[in-house]
Structure formats: C-alpha cells, structure tokens
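**Student:** Before I ask anything, let me first share the structure, which is written out below as structure tokens.
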Amino acid sequence: MSDKDQKFPIDLELEAPLKKVRYPGFDMDILAMQLVTEAHVEDGKAVIRLRPISAPPEVREELENQIAAVVREATGVQEIEVYSPEPPPAKKEEKGPRPIDGVKWVVPVASGKGGVGKSTVAVNLAMALSALGLKVGILDLDLYGPSVPMMLGMTKAKPDAIGQQIAPVEAHGLKAMSVGFLIKADTALIWRGPLVMKAVRQLLHEVVWAPLDVLILDLPPGTGDVQISMAQEVPITGAVVVTTPQDVALTDAIKGVDMFRQVSAPLLGIVENMSYFNCPDCGGRHEIFGHGSVEPLCARLGVPYLGEIPLDPTLRKLADLGQPREVLKIPAGEPYRVLAKKVLAQLESED
Ligand SMILES: Nc1ncnc2c1ncn2[C@@H]1O[C@H](COP(=O)(O)OP(=O)(O)O)[C@@H](O)[C@H]1O
Ligand SMILES: [Mg+2]
C-alpha cells in the first residue's frame, strides 16, 4: 500500500474541529478521551464514528449535535453522520459453582429411579456419619416429594429466619432443611426450570449450614433440573448412587453414574439397597432380587462398591415413624455404619 492510499482513522482536517468538542460535563475533549474511532470526509459526506459509550440518550444527542456542528463549520459539508453506538449489554455475572461457607464436603445421594431408597440411605448415612463424630447436615432437594421431614420425625418443624438467611432445623444431632419445612404438605408445587434453580441456590447458599463437615443432599430421582442446578451451584465432593439389585434399577444406576460423570463430579460409589431380605419370621436371609449384581457392575464401571443394605421391614417402619436414631441400634442398621466408614475414608482421601 502506498502512503497515498493509507487511510488514517481521523482526517487531518477534522482533528482541530473535533478537539473543540468536550464530552458533556467533562473538561476533556473527545479526541483526548479517545472516543473517536473514525472521522472522514468523502464525496461531500462526513462520517464520524465513536466507540461505544454508555450515556443517557440526551448526553448522546448533545454529543452528536456538537460534533455535527463543528464538522459543518470547519468543512462546509452538509451531510454528516455521527455514529455513537451503545455498548453491548453487560454480560451477566457468570455464577459458577461456589463452595458453601463453612461446609467441608458436599455429598449428593442419587439414583436414576424413585423408590430405591435414596432418602432412607441419605438420612441413615447422615446419622451414621454423625455417630462417627462428624458435624452433619442433610438437605432435602427432592422438591417434588420431600420425605426428609417425615423420616426425621420433624413434619411440624418450622425453620427460623436469621436476617436474609434461614436457620436449618436441628434434628437428632443433624442440621436439616427441606422445602417440606417451608410449604404445607398438601401444597402441590409445580417447579419449573428457573424456579428450581432459585430454590436449589437458596437451599444451598442461603441456609446457615456452617460449621459442617459434611452436607448430604437427598436428590429426586433421575437427571432433571434439580441435578443440573445442584451441579451449577456447588462443587460436589463425591456422589453416592443408590440402586437395588433388580435389572431395571441397575440400568438406572448406570444413568446415575453417567450423570455425575457428565458434570465431572467425583463418585464415591454405589450402594446396593434392599440387597437381601431379612425375614422377621424365620430370621433367614433371602436374596429375592437376585443379589450380587451390583459389585460386578461397579467393577465394570470403575466405581467403588460401597456395600449392601438389607430389605428389612424395621428399616421401613423406623423411616415412617421418623426415628432414625433407632436404626443404628438394630442389626439392619449395622451396614449403615460400614457405609459411613467407607464414605468417610473416601472423603478424607479427596482432601
Ligand atoms: N433397606 C430397606 N428396607 C426396607 N424398606 C426400605 C429400605 N430402603 C427403603 N425402604 C422403604 O422404601 C420406600 C422408598 O424409600 P425412599 O428412601 O423414600 O426411596 P427414594 O428416596 O429413592 O424414592 C420407603 O417406604 C422406605 O421406607
Ligand atoms: Mg426420596
């Protein structure tokens, strides 16, 4: 390109006139402020471009009028176009997952399918971890069918507000929160995407959880808005997937594992619930669902096997009665102690 062809962004003849224009309310001229990106007179037409400015419309207009006036006066050109674009809308602050103040580990309990015992495992695991001397919280994220209040025997509890935050309910040495505490049991709530996101965020970040070693999250079944919101809101230390030995439940367990892999959350392992039946009459152990399929599945998926919990009518009864403390006193509760130790060992190794 020859010197002659080279185009400077601002025509020499326009420099002096543009220097006379001050930004409304400022002492500086618009060239000194580097507001002008281009100023040319060509074929009897002047074009002046400004860089995007965020200014009220009247300021923008005044600026454009001033520029047009000085350019007209200096050049005699009648056709003048001043472009002063608005800046692009400010990018929304991207809120990535952020730790919960004063909470060391976050452990979701998940499954691909309902009714496999997530909530039961979540509550009893929380109790067993607490029995190991940890400070434990349980957050019921099953917005559609909260069952933690019943399982803790706290259906009448009402959490207190602390300023803008909510205090969790104290139950059996645990800190607990559930939408079940906040809305009437018979209120059918239809949770849609953005509302789910907001509820999950508030339950994680606007509840006074601290200080906790571990916060257990009881999830609804499957992979929906709640799971996505959870993964966006909080770094997951490691997830526990619950399954039963039935084939269909195993397929769902794989889905559960995949979900956490997709959001790059570590997996602590899979628990086999209702693994065998403790017969209250004969005292025998019956493997009604064909026990023994979960451990090989874990090996195949490369996920730790966290052990088995029997199908025991007493476990169901104590869950219905909201007496989780009793669980650790009966033989069927023993597997929860084993589970808690395995989970704790893994959490400590994540540090
Ligand atoms: N190991 C078990 N033995 C007997 N009943 C169980 C066991 N685990 C769960 N249940 C019962 O099965 C039902 C479903 O369990 P729940 O924990 O609510 O499942 P989910 O949260 O996966 O939907 C409840 O009535 C619960 O008491
Ligand atoms: Mg549940």
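Chain lettering (A, B, ...) mirrors the order of the structure tokens, residue numbering begins at 1 for each chain separately, and ligand numbering begins at 1 in order of display.
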What does the list of residues within 9 Å of ligand 2 look like if you count only C-alpha atoms and all ligand atoms, written as a short mmCIF file (atom, residue, chain, number, x, y, z; two decimals) with C-alpha atoms, in the first residue's frame?

**Tutor:**
data_model
loop_
_atom_site.label_atom_id
_atom_site.label_comp_id
_atom_site.auth_asym_id
_atom_site.auth_seq_id
_atom_site.Cartn_x
_atom_site.Cartn_y
_atom_site.Cartn_z
CA ALA A 110 -28.75 -40.04 43.87
CA GLY A 114 -37.54 -43.44 42.50
CA GLY A 115 -38.28 -45.75 45.38
CA VAL A 116 -34.86 -47.38 45.56
CA GLY A 117 -34.22 -45.88 48.99
CA LYS A 118 -32.28 -42.68 48.32
CA SER A 119 -33.93 -40.74 51.11
CA THR A 120 -33.62 -43.64 53.53
CA ALA A 122 -29.40 -40.26 52.86
CA ASP A 140 -33.71 -32.50 51.04
CA LEU A 141 -33.51 -31.45 47.39
CA ASP A 142 -36.47 -33.55 46.38
CA GLY A 145 -41.71 -35.13 47.03
CA PRO A 146 -39.75 -34.12 50.11
CA SER A 147 -39.53 -37.05 52.53
CA VAL A 148 -36.76 -35.95 54.89
CA ASP A 218 -31.12 -36.08 49.09
CA LEU A 219 -31.93 -35.79 45.38
CA PRO A 220 -35.10 -36.52 43.45
CA PRO A 221 -34.83 -39.47 41.06
#

**Student:** Residues near region 210-214 of chain A, anyone? I mean within 9 Å using only C-alpha atoms, not counting same-chain ones fewer than 2 positions away, as a VMD selection string.

**Tutor:** chain A and resid 100 to 107 126 129 134 to 138 175 207 to 208 216

**Student:** Go ahead and save the residues from that selection, with C-alpha atoms, as a PDB file, in the first residue's frame.

**Tutor:**
ATOM      1  CA  ILE A 100     -20.854 -23.290  50.826  1.00  0.00           C
ATOM      2  CA  ASP A 101     -19.322 -21.212  53.586  1.00  0.00           C
ATOM      3  CA  GLY A 102     -18.138 -23.391  56.424  1.00  0.00           C
ATOM      4  CA  VAL A 103     -19.066 -26.709  54.776  1.00  0.00           C
ATOM      5  CA  LYS A 104     -16.208 -29.071  54.034  1.00  0.00           C
ATOM      6  CA  TRP A 105     -17.767 -31.837  51.954  1.00  0.00           C
ATOM      7  CA  VAL A 106     -20.911 -31.994  49.828  1.00  0.00           C
ATOM      8  CA  VAL A 107     -22.254 -35.475  49.142  1.00  0.00           C
ATOM      9  CA  ALA A 126     -26.181 -38.820  57.768  1.00  0.00           C
ATOM     10  CA  LEU A 129     -21.633 -40.170  59.920  1.00  0.00           C
ATOM     11  CA  LEU A 134     -18.804 -35.564  62.321  1.00  0.00           C
ATOM     12  CA  LYS A 135     -20.921 -32.447  62.060  1.00  0.00           C
ATOM     13  CA  VAL A 136     -23.537 -33.425  59.526  1.00  0.00           C
ATOM     14  CA  GLY A 137     -26.286 -31.647  57.638  1.00  0.00           C
ATOM     15  CA  ILE A 138     -28.981 -33.083  55.409  1.00  0.00           C
ATOM     16  CA  LYS A 175     -28.924 -29.848  60.702  1.00  0.00           C
ATOM     17  CA  VAL A 207     -29.254 -21.588  54.789  1.00  0.00           C
ATOM     18  CA  VAL A 208     -26.894 -21.207  57.721  1.00  0.00           C
ATOM     19  CA  ILE A 216     -25.708 -34.810  52.481  1.00  0.00           C
TER      20      ILE A 216
END

**Student:** List the spatial neighbours of Val257 (chain A) as an MDAnalysis selection string - criterion: any atom at most 10 Å away, only C-alpha atoms, same-chain residues fewer than 2 positions off excluded.

**Tutor:** chainID A and resid 110:112 239:242 252:255 259:262 265:267 269:270 298 301 303

**Student:** Selected residues, N, CA and C atoms, written as an mmCIF file, in the first residue's frame, please.

**Tutor:**
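Output file part36.cif follows:
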data_model
loop_
_atom_site.group_PDB
_atom_site.id
_atom_site.type_symbol
_atom_site.label_atom_id
_atom_site.label_comp_id
_atom_site.auth_asym_id
_atom_site.auth_seq_id
_atom_site.Cartn_x
_atom_site.Cartn_y
_atom_site.Cartn_z
ATOM 1 N N ALA A 110 -27.966 -40.105 45.099
ATOM 2 C CA ALA A 110 -28.752 -40.044 43.867
ATOM 3 C C ALA A 110 -29.115 -41.428 43.379
ATOM 4 N N SER A 111 -30.082 -41.458 42.456
ATOM 5 C CA SER A 111 -30.379 -42.694 41.735
ATOM 6 C C SER A 111 -31.125 -42.318 40.471
ATOM 7 N N GLY A 112 -31.137 -43.231 39.519
ATOM 8 C CA GLY A 112 -31.835 -42.949 38.276
ATOM 9 C C GLY A 112 -33.337 -43.082 38.447
ATOM 10 N N ALA A 239 -20.322 -38.227 44.964
ATOM 11 C CA ALA A 239 -21.719 -38.635 44.997
ATOM 12 C C ALA A 239 -21.846 -40.106 45.373
ATOM 13 N N VAL A 240 -22.960 -40.406 46.041
ATOM 14 C CA VAL A 240 -23.309 -41.794 46.357
ATOM 15 C C VAL A 240 -24.514 -42.153 45.499
ATOM 16 N N VAL A 241 -24.398 -43.216 44.716
ATOM 17 C CA VAL A 241 -25.526 -43.659 43.895
ATOM 18 C C VAL A 241 -26.151 -44.877 44.570
ATOM 19 N N VAL A 242 -27.485 -44.838 44.683
ATOM 20 C CA VAL A 242 -28.205 -45.939 45.312
ATOM 21 C C VAL A 242 -28.907 -46.760 44.242
ATOM 22 N N ASP A 252 -30.720 -47.960 35.709
ATOM 23 C CA ASP A 252 -30.858 -46.607 36.222
ATOM 24 C C ASP A 252 -29.619 -46.164 36.993
ATOM 25 N N ALA A 253 -28.972 -47.113 37.648
ATOM 26 C CA ALA A 253 -27.745 -46.776 38.372
ATOM 27 C C ALA A 253 -26.684 -46.303 37.390
ATOM 28 N N ILE A 254 -26.629 -46.956 36.243
ATOM 29 C CA ILE A 254 -25.649 -46.553 35.223
ATOM 30 C C ILE A 254 -25.940 -45.125 34.780
ATOM 31 N N LYS A 255 -27.241 -44.830 34.609
ATOM 32 C CA LYS A 255 -27.626 -43.456 34.242
ATOM 33 C C LYS A 255 -27.185 -42.463 35.311
ATOM 34 N N MET A 259 -24.586 -39.412 34.878
ATOM 35 C CA MET A 259 -24.935 -38.019 35.153
ATOM 36 C C MET A 259 -23.795 -37.296 35.871
ATOM 37 N N PHE A 260 -23.246 -37.952 36.902
ATOM 38 C CA PHE A 260 -22.173 -37.288 37.655
ATOM 39 C C PHE A 260 -20.905 -37.181 36.816
ATOM 40 N N ARG A 261 -20.716 -38.170 35.963
ATOM 41 C CA ARG A 261 -19.538 -38.082 35.085
ATOM 42 C C ARG A 261 -19.671 -36.906 34.133
ATOM 43 N N GLN A 262 -20.906 -36.694 33.650
ATOM 44 C CA GLN A 262 -21.124 -35.584 32.713
ATOM 45 C C GLN A 262 -20.814 -34.234 33.340
ATOM 46 N N ALA A 265 -18.319 -34.620 38.292
ATOM 47 C CA ALA A 265 -18.320 -34.725 39.754
ATOM 48 C C ALA A 265 -17.795 -36.110 40.144
ATOM 49 N N PRO A 266 -16.925 -36.159 41.153
ATOM 50 C CA PRO A 266 -16.410 -37.459 41.574
ATOM 51 C C PRO A 266 -17.511 -38.341 42.148
ATOM 52 N N LEU A 267 -17.328 -39.639 42.041
ATOM 53 C CA LEU A 267 -18.285 -40.596 42.594
ATOM 54 C C LEU A 267 -17.644 -41.338 43.742
ATOM 55 N N GLY A 269 -19.205 -43.912 45.077
ATOM 56 C CA GLY A 269 -19.516 -45.305 44.780
ATOM 57 C C GLY A 269 -21.000 -45.593 44.744
ATOM 58 N N ILE A 270 -21.308 -46.885 44.599
ATOM 59 C CA ILE A 270 -22.704 -47.331 44.521
ATOM 60 C C ILE A 270 -23.047 -48.181 45.746
ATOM 61 N N CYS A 298 -20.123 -52.381 39.477
ATOM 62 C CA CYS A 298 -19.180 -51.356 39.935
ATOM 63 C C CYS A 298 -17.811 -51.571 39.291
ATOM 64 N N LEU A 301 -17.921 -50.480 35.773
ATOM 65 C CA LEU A 301 -17.988 -49.023 35.603
ATOM 66 C C LEU A 301 -16.764 -48.307 36.179
ATOM 67 N N VAL A 303 -16.246 -47.950 39.422
ATOM 68 C CA VAL A 303 -16.775 -47.147 40.527
ATOM 69 C C VAL A 303 -16.673 -47.988 41.799
#

**Student:** For region 51-63 of chain A, work out the shell of residues within 8 Å, counting only C-alpha atoms and skipping chain neighbours fewer than 4 positions away, then give it as a short mmCIF file (atom, residue, chain, number, x, y, z; two decimals) with C-alpha atoms, in the first residue's frame.

**Tutor:**
data_model
loop_
_atom_site.label_atom_id
_atom_site.label_comp_id
_atom_site.auth_asym_id
_atom_site.auth_seq_id
_atom_site.Cartn_x
_atom_site.Cartn_y
_atom_site.Cartn_z
CA VAL A 21 -15.91 19.13 21.37
CA TYR A 23 -17.76 15.41 26.45
CA PRO A 24 -20.84 16.82 28.20
CA LEU A 35 -13.81 8.49 21.84
CA VAL A 36 -13.46 8.94 18.10
CA THR A 37 -12.54 5.81 16.19
CA ILE A 67 -19.83 17.05 16.58
CA SER A 84 -22.31 6.60 18.64
CA PRO A 85 -23.22 3.01 19.35
CA GLU A 86 -24.46 1.82 22.67
CA PRO A 87 -22.21 -0.65 24.42
#

**Student:** Point out the residue among A:Leu139, A:Ala128, A:Met151, A:Ala299 with the least atom-to-atom distance to Gly173 (chain A), counting only C-alpha atoms.

**Tutor:** A:Ala128

**Student:** Give the alpha helix (DSSP H) residues of region 106-193 of chain A, as DSSP finds them on the backbone, and put them as a list in words.

**Tutor:**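 Result set for region 106-193 of chain A (alpha helix (DSSP H)): Lys118, Ser119, Thr120, Val121, Ala122, Val123, Asn124, Leu125, Ala126, Met127, Ala128, Leu129, Ser130, Ala131, Val148, Pro149, Met150, Met151, Val179, Gly180, Phe181, Leu182 and Gly193 of chain A.
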
**Student:** Nearest to Arg285 (chain A) among A:Asp312, A:Glu79, A:Glu348, A:Asp29, with distances taken over only C-alpha atoms: which residue is it?

**Tutor:** A:Asp312

**Student:** Quick one: of A:Lys341, A:Leu174, A:Leu143, A:Leu195, who's nearest to Met127 (chain A), counting only C-alpha atoms?

**Tutor:**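 Smallest separation from Met127 (chain A) among the options: A:Leu174.
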
**Student:** Which one is closest to ligand 1: A:Asn124, A:Ser264, A:Gln232, A:Gln202? Count only C-alpha atoms and all ligand atoms.

**Tutor:**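 Counting only C-alpha atoms and all ligand atoms, the residue closest to ligand 1 is A:Asn124.
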
**Student:** Which one is closest to ligand 1: A:Thr237, A:Thr223, A:Asn278, A:Thr75? Count only C-alpha atoms and all ligand atoms.

**Tutor:**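 Of A:Thr237, A:Thr223, A:Asn278, A:Thr75, the one nearest ligand 1 is A:Asn278, counting only C-alpha atoms and all ligand atoms.
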
**Student:** Which residues are close to Ala167 (chain A), i.e. within 10 Å by only C-alpha atoms, leaving aside same-chain residues fewer than 5 positions away? Reply as a VMD selection string.

**Tutor:** chain A and resid 158 to 162 175 to 177 206 to 209

**Student:** I need the residues from that last selection saved to file as a JSON list (two decimals), in the first residue's frame (with N, CA and C atoms), if you can.

**Tutor:**
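Output below, filename out04.json:
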[["chain", "number", "residue", "atom", "x", "y", "z"],
["A", 158, "LYS", "N", -40.64, -25.74, 61.91],
["A", 158, "LYS", "CA", -40.62, -24.52, 61.10],
["A", 158, "LYS", "C", -39.27, -23.85, 61.28],
["A", 159, "PRO", "N", -38.50, -23.74, 60.22],
["A", 159, "PRO", "CA", -37.19, -23.11, 60.36],
["A", 159, "PRO", "C", -37.33, -21.62, 60.66],
["A", 160, "ASP", "N", -36.36, -21.08, 61.43],
["A", 160, "ASP", "CA", -36.35, -19.65, 61.75],
["A", 160, "ASP", "C", -35.58, -18.88, 60.70],
["A", 161, "ALA", "N", -35.97, -17.61, 60.54],
["A", 161, "ALA", "CA", -35.20, -16.74, 59.66],
["A", 161, "ALA", "C", -34.13, -16.05, 60.50],
["A", 162, "ILE", "N", -32.93, -15.95, 59.92],
["A", 162, "ILE", "CA", -31.86, -15.16, 60.55],
["A", 162, "ILE", "C", -31.48, -14.10, 59.53],
["A", 175, "LYS", "N", -28.27, -31.06, 61.19],
["A", 175, "LYS", "CA", -28.92, -29.85, 60.70],
["A", 175, "LYS", "C", -29.67, -30.24, 59.44],
["A", 176, "ALA", "N", -30.94, -29.89, 59.39],
["A", 176, "ALA", "CA", -31.75, -30.37, 58.27],
["A", 176, "ALA", "C", -32.54, -29.24, 57.63],
["A", 177, "MET", "N", -32.68, -29.33, 56.32],
["A", 177, "MET", "CA", -33.52, -28.37, 55.60],
["A", 177, "MET", "C", -34.24, -29.08, 54.46],
["A", 206, "GLU", "N", -28.31, -20.04, 51.09],
["A", 206, "GLU", "CA", -28.94, -19.08, 51.99],
["A", 206, "GLU", "C", -29.45, -19.73, 53.26],
["A", 207, "VAL", "N", -28.96, -20.92, 53.52],
["A", 207, "VAL", "CA", -29.25, -21.59, 54.79],
["A", 207, "VAL", "C", -27.96, -21.55, 55.61],
["A", 208, "VAL", "N", -28.10, -21.31, 56.89],
["A", 208, "VAL", "CA", -26.89, -21.21, 57.72],
["A", 208, "VAL", "C", -26.41, -22.62, 58.07],
["A", 209, "TRP", "N", -25.64, -23.20, 57.18],
["A", 209, "TRP", "CA", -25.18, -24.57, 57.38],
["A", 209, "TRP", "C", -23.95, -24.65, 58.29]]

**Student:** Write out as a PyMOL selection string the residues lying within 8 Å of region 304-311 of chain A, counting only C-alpha atoms and excluding same-chain residues fewer than 4 positions away.

**Tutor:** chain A and resi 268-278+294-295+298-299+315+332+335-336+338-339+342-343

**Student:** Can you spit out the residues from that selection as a PDB file, in the first residue's frame, using N, CA and C atoms?

**Tutor:**
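For reference, selection.pdb as written:
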ATOM      1  N   LEU A 268     -18.339 -41.374  44.864  1.00  0.00           N
ATOM      2  CA  LEU A 268     -17.792 -42.149  45.978  1.00  0.00           C
ATOM      3  C   LEU A 268     -18.105 -43.625  45.771  1.00  0.00           C
ATOM      4  N   GLY A 269     -19.205 -43.912  45.077  1.00  0.00           N
ATOM      5  CA  GLY A 269     -19.516 -45.305  44.780  1.00  0.00           C
ATOM      6  C   GLY A 269     -21.000 -45.593  44.744  1.00  0.00           C
ATOM      7  N   ILE A 270     -21.308 -46.885  44.599  1.00  0.00           N
ATOM      8  CA  ILE A 270     -22.704 -47.331  44.521  1.00  0.00           C
ATOM      9  C   ILE A 270     -23.047 -48.181  45.746  1.00  0.00           C
ATOM     10  N   VAL A 271     -24.215 -47.915  46.338  1.00  0.00           N
ATOM     11  CA  VAL A 271     -24.737 -48.726  47.442  1.00  0.00           C
ATOM     12  C   VAL A 271     -25.838 -49.612  46.906  1.00  0.00           C
ATOM     13  N   GLU A 272     -25.823 -50.840  47.320  1.00  0.00           N
ATOM     14  CA  GLU A 272     -26.879 -51.773  46.924  1.00  0.00           C
ATOM     15  C   GLU A 272     -27.902 -51.823  48.043  1.00  0.00           C
ATOM     16  N   ASN A 273     -29.077 -51.243  47.801  1.00  0.00           N
ATOM     17  CA  ASN A 273     -30.112 -51.219  48.838  1.00  0.00           C
ATOM     18  C   ASN A 273     -31.132 -52.321  48.558  1.00  0.00           C
ATOM     19  N   MET A 274     -31.769 -52.748  49.610  1.00  0.00           N
ATOM     20  CA  MET A 274     -32.731 -53.855  49.538  1.00  0.00           C
ATOM     21  C   MET A 274     -32.060 -55.051  48.872  1.00  0.00           C
ATOM     22  N   SER A 275     -30.854 -55.253  49.311  1.00  0.00           N
ATOM     23  CA  SER A 275     -29.979 -56.239  48.692  1.00  0.00           C
ATOM     24  C   SER A 275     -30.460 -57.665  48.948  1.00  0.00           C
ATOM     25  N   TYR A 276     -30.872 -57.908  50.179  1.00  0.00           N
ATOM     26  CA  TYR A 276     -31.409 -59.214  50.546  1.00  0.00           C
ATOM     27  C   TYR A 276     -32.466 -58.963  51.605  1.00  0.00           C
ATOM     28  N   PHE A 277     -33.315 -59.952  51.843  1.00  0.00           N
ATOM     29  CA  PHE A 277     -34.437 -59.757  52.763  1.00  0.00           C
ATOM     30  C   PHE A 277     -34.143 -60.415  54.097  1.00  0.00           C
ATOM     31  N   ASN A 278     -34.174 -59.614  55.143  1.00  0.00           N
ATOM     32  CA  ASN A 278     -34.062 -60.152  56.489  1.00  0.00           C
ATOM     33  C   ASN A 278     -35.446 -60.594  56.931  1.00  0.00           C
ATOM     34  N   VAL A 294     -24.553 -55.963  41.781  1.00  0.00           N
ATOM     35  CA  VAL A 294     -24.073 -54.580  41.842  1.00  0.00           C
ATOM     36  C   VAL A 294     -22.547 -54.506  41.889  1.00  0.00           C
ATOM     37  N   GLU A 295     -21.955 -55.430  42.655  1.00  0.00           N
ATOM     38  CA  GLU A 295     -20.494 -55.373  42.778  1.00  0.00           C
ATOM     39  C   GLU A 295     -19.793 -55.535  41.421  1.00  0.00           C
ATOM     40  N   CYS A 298     -20.123 -52.381  39.477  1.00  0.00           N
ATOM     41  CA  CYS A 298     -19.180 -51.356  39.935  1.00  0.00           C
ATOM     42  C   CYS A 298     -17.811 -51.571  39.291  1.00  0.00           C
ATOM     43  N   ALA A 299     -17.395 -52.833  39.267  1.00  0.00           N
ATOM     44  CA  ALA A 299     -16.089 -53.147  38.684  1.00  0.00           C
ATOM     45  C   ALA A 299     -16.077 -52.741  37.212  1.00  0.00           C
ATOM     46  N   LEU A 315     -36.548 -51.258  59.047  1.00  0.00           N
ATOM     47  CA  LEU A 315     -35.972 -50.029  58.472  1.00  0.00           C
ATOM     48  C   LEU A 315     -37.086 -49.141  57.912  1.00  0.00           C
ATOM     49  N   ALA A 332     -29.982 -54.383  61.345  1.00  0.00           N
ATOM     50  CA  ALA A 332     -30.108 -53.896  59.972  1.00  0.00           C
ATOM     51  C   ALA A 332     -29.471 -52.519  59.792  1.00  0.00           C
ATOM     52  N   PRO A 335     -25.069 -52.119  58.527  1.00  0.00           N
ATOM     53  CA  PRO A 335     -24.491 -51.779  57.209  1.00  0.00           C
ATOM     54  C   PRO A 335     -24.329 -50.269  56.997  1.00  0.00           C
ATOM     55  N   TYR A 336     -25.160 -49.462  57.681  1.00  0.00           N
ATOM     56  CA  TYR A 336     -25.016 -48.009  57.542  1.00  0.00           C
ATOM     57  C   TYR A 336     -23.738 -47.520  58.203  1.00  0.00           C
ATOM     58  N   VAL A 338     -21.038 -49.300  58.392  1.00  0.00           N
ATOM     59  CA  VAL A 338     -19.981 -49.709  57.455  1.00  0.00           C
ATOM     60  C   VAL A 338     -19.915 -48.710  56.292  1.00  0.00           C
ATOM     61  N   LEU A 339     -21.109 -48.360  55.776  1.00  0.00           N
ATOM     62  CA  LEU A 339     -21.191 -47.404  54.669  1.00  0.00           C
ATOM     63  C   LEU A 339     -20.563 -46.063  55.068  1.00  0.00           C
ATOM     64  N   LYS A 342     -16.807 -46.186  55.069  1.00  0.00           N
ATOM     65  CA  LYS A 342     -16.258 -46.188  53.696  1.00  0.00           C
ATOM     66  C   LYS A 342     -16.342 -44.793  53.082  1.00  0.00           C
ATOM     67  N   VAL A 343     -17.502 -44.167  53.288  1.00  0.00           N
ATOM     68  CA  VAL A 343     -17.699 -42.824  52.733  1.00  0.00           C
ATOM     69  C   VAL A 343     -16.694 -41.849  53.337  1.00  0.00           C
TER      70      VAL A 343
END

**Student:** Check the DSSP output for the backbone and give back, as a PyMOL selection string, the residues of region 94-288 of chain A in strand (DSSP E or B).

**Tutor:** chain A and resi 103-110+136-140+161-162+165-166+169-171+174-178+207+212-218+239-243+267-278+285-286

**Student:** So what do you get for CA of Val226 (chain A) versus CA of Val200 (chain A), distance-wise?

**Tutor:**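 One can read the CA of Val226 (chain A) to CA of Val200 (chain A) distance as 6.9 Å.
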
**Student:** Of the candidates A:His172, A:Lys329, A:Lys95, A:Lys113, which shows the shortest atom-to-atom distance to ligand 1, using only C-alpha atoms and all ligand atoms?

**Tutor:** A:Lys113

**Student:** Which residues, written as JSON, numbers by chain, have at least one atom at most 6 Å from Ile10 (chain A), with only C-alpha atoms counted and residues fewer than 2 positions away on the same chain left out?

**Tutor:** {"A": [8, 38, 39]}

**Student:** Write the residues of the preceding selection, restricted to N, CA and C atoms, as a PDB file, in the first residue's frame.

**Tutor:**
ATOM      1  N   PHE A   8      -5.807   7.206   7.401  1.00  0.00           N
ATOM      2  CA  PHE A   8      -5.729   7.336   8.852  1.00  0.00           C
ATOM      3  C   PHE A   8      -7.143   7.327   9.400  1.00  0.00           C
ATOM      4  N   GLU A  38     -13.167   6.942  14.122  1.00  0.00           N
ATOM      5  CA  GLU A  38     -13.079   7.184  12.693  1.00  0.00           C
ATOM      6  C   GLU A  38     -13.720   8.527  12.381  1.00  0.00           C
ATOM      7  N   ALA A  39     -13.076   9.335  11.521  1.00  0.00           N
ATOM      8  CA  ALA A  39     -13.687  10.603  11.089  1.00  0.00           C
ATOM      9  C   ALA A  39     -13.181  10.920   9.681  1.00  0.00           C
TER      10      ALA A  39
END

**Student:** What gap, in Å, lies between CA of Lys317 (chain A) and CA of Ala249 (chain A)?

**Tutor:**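 Separating CA of Lys317 (chain A) from CA of Ala249 (chain A) is a distance of 22.8 Å.
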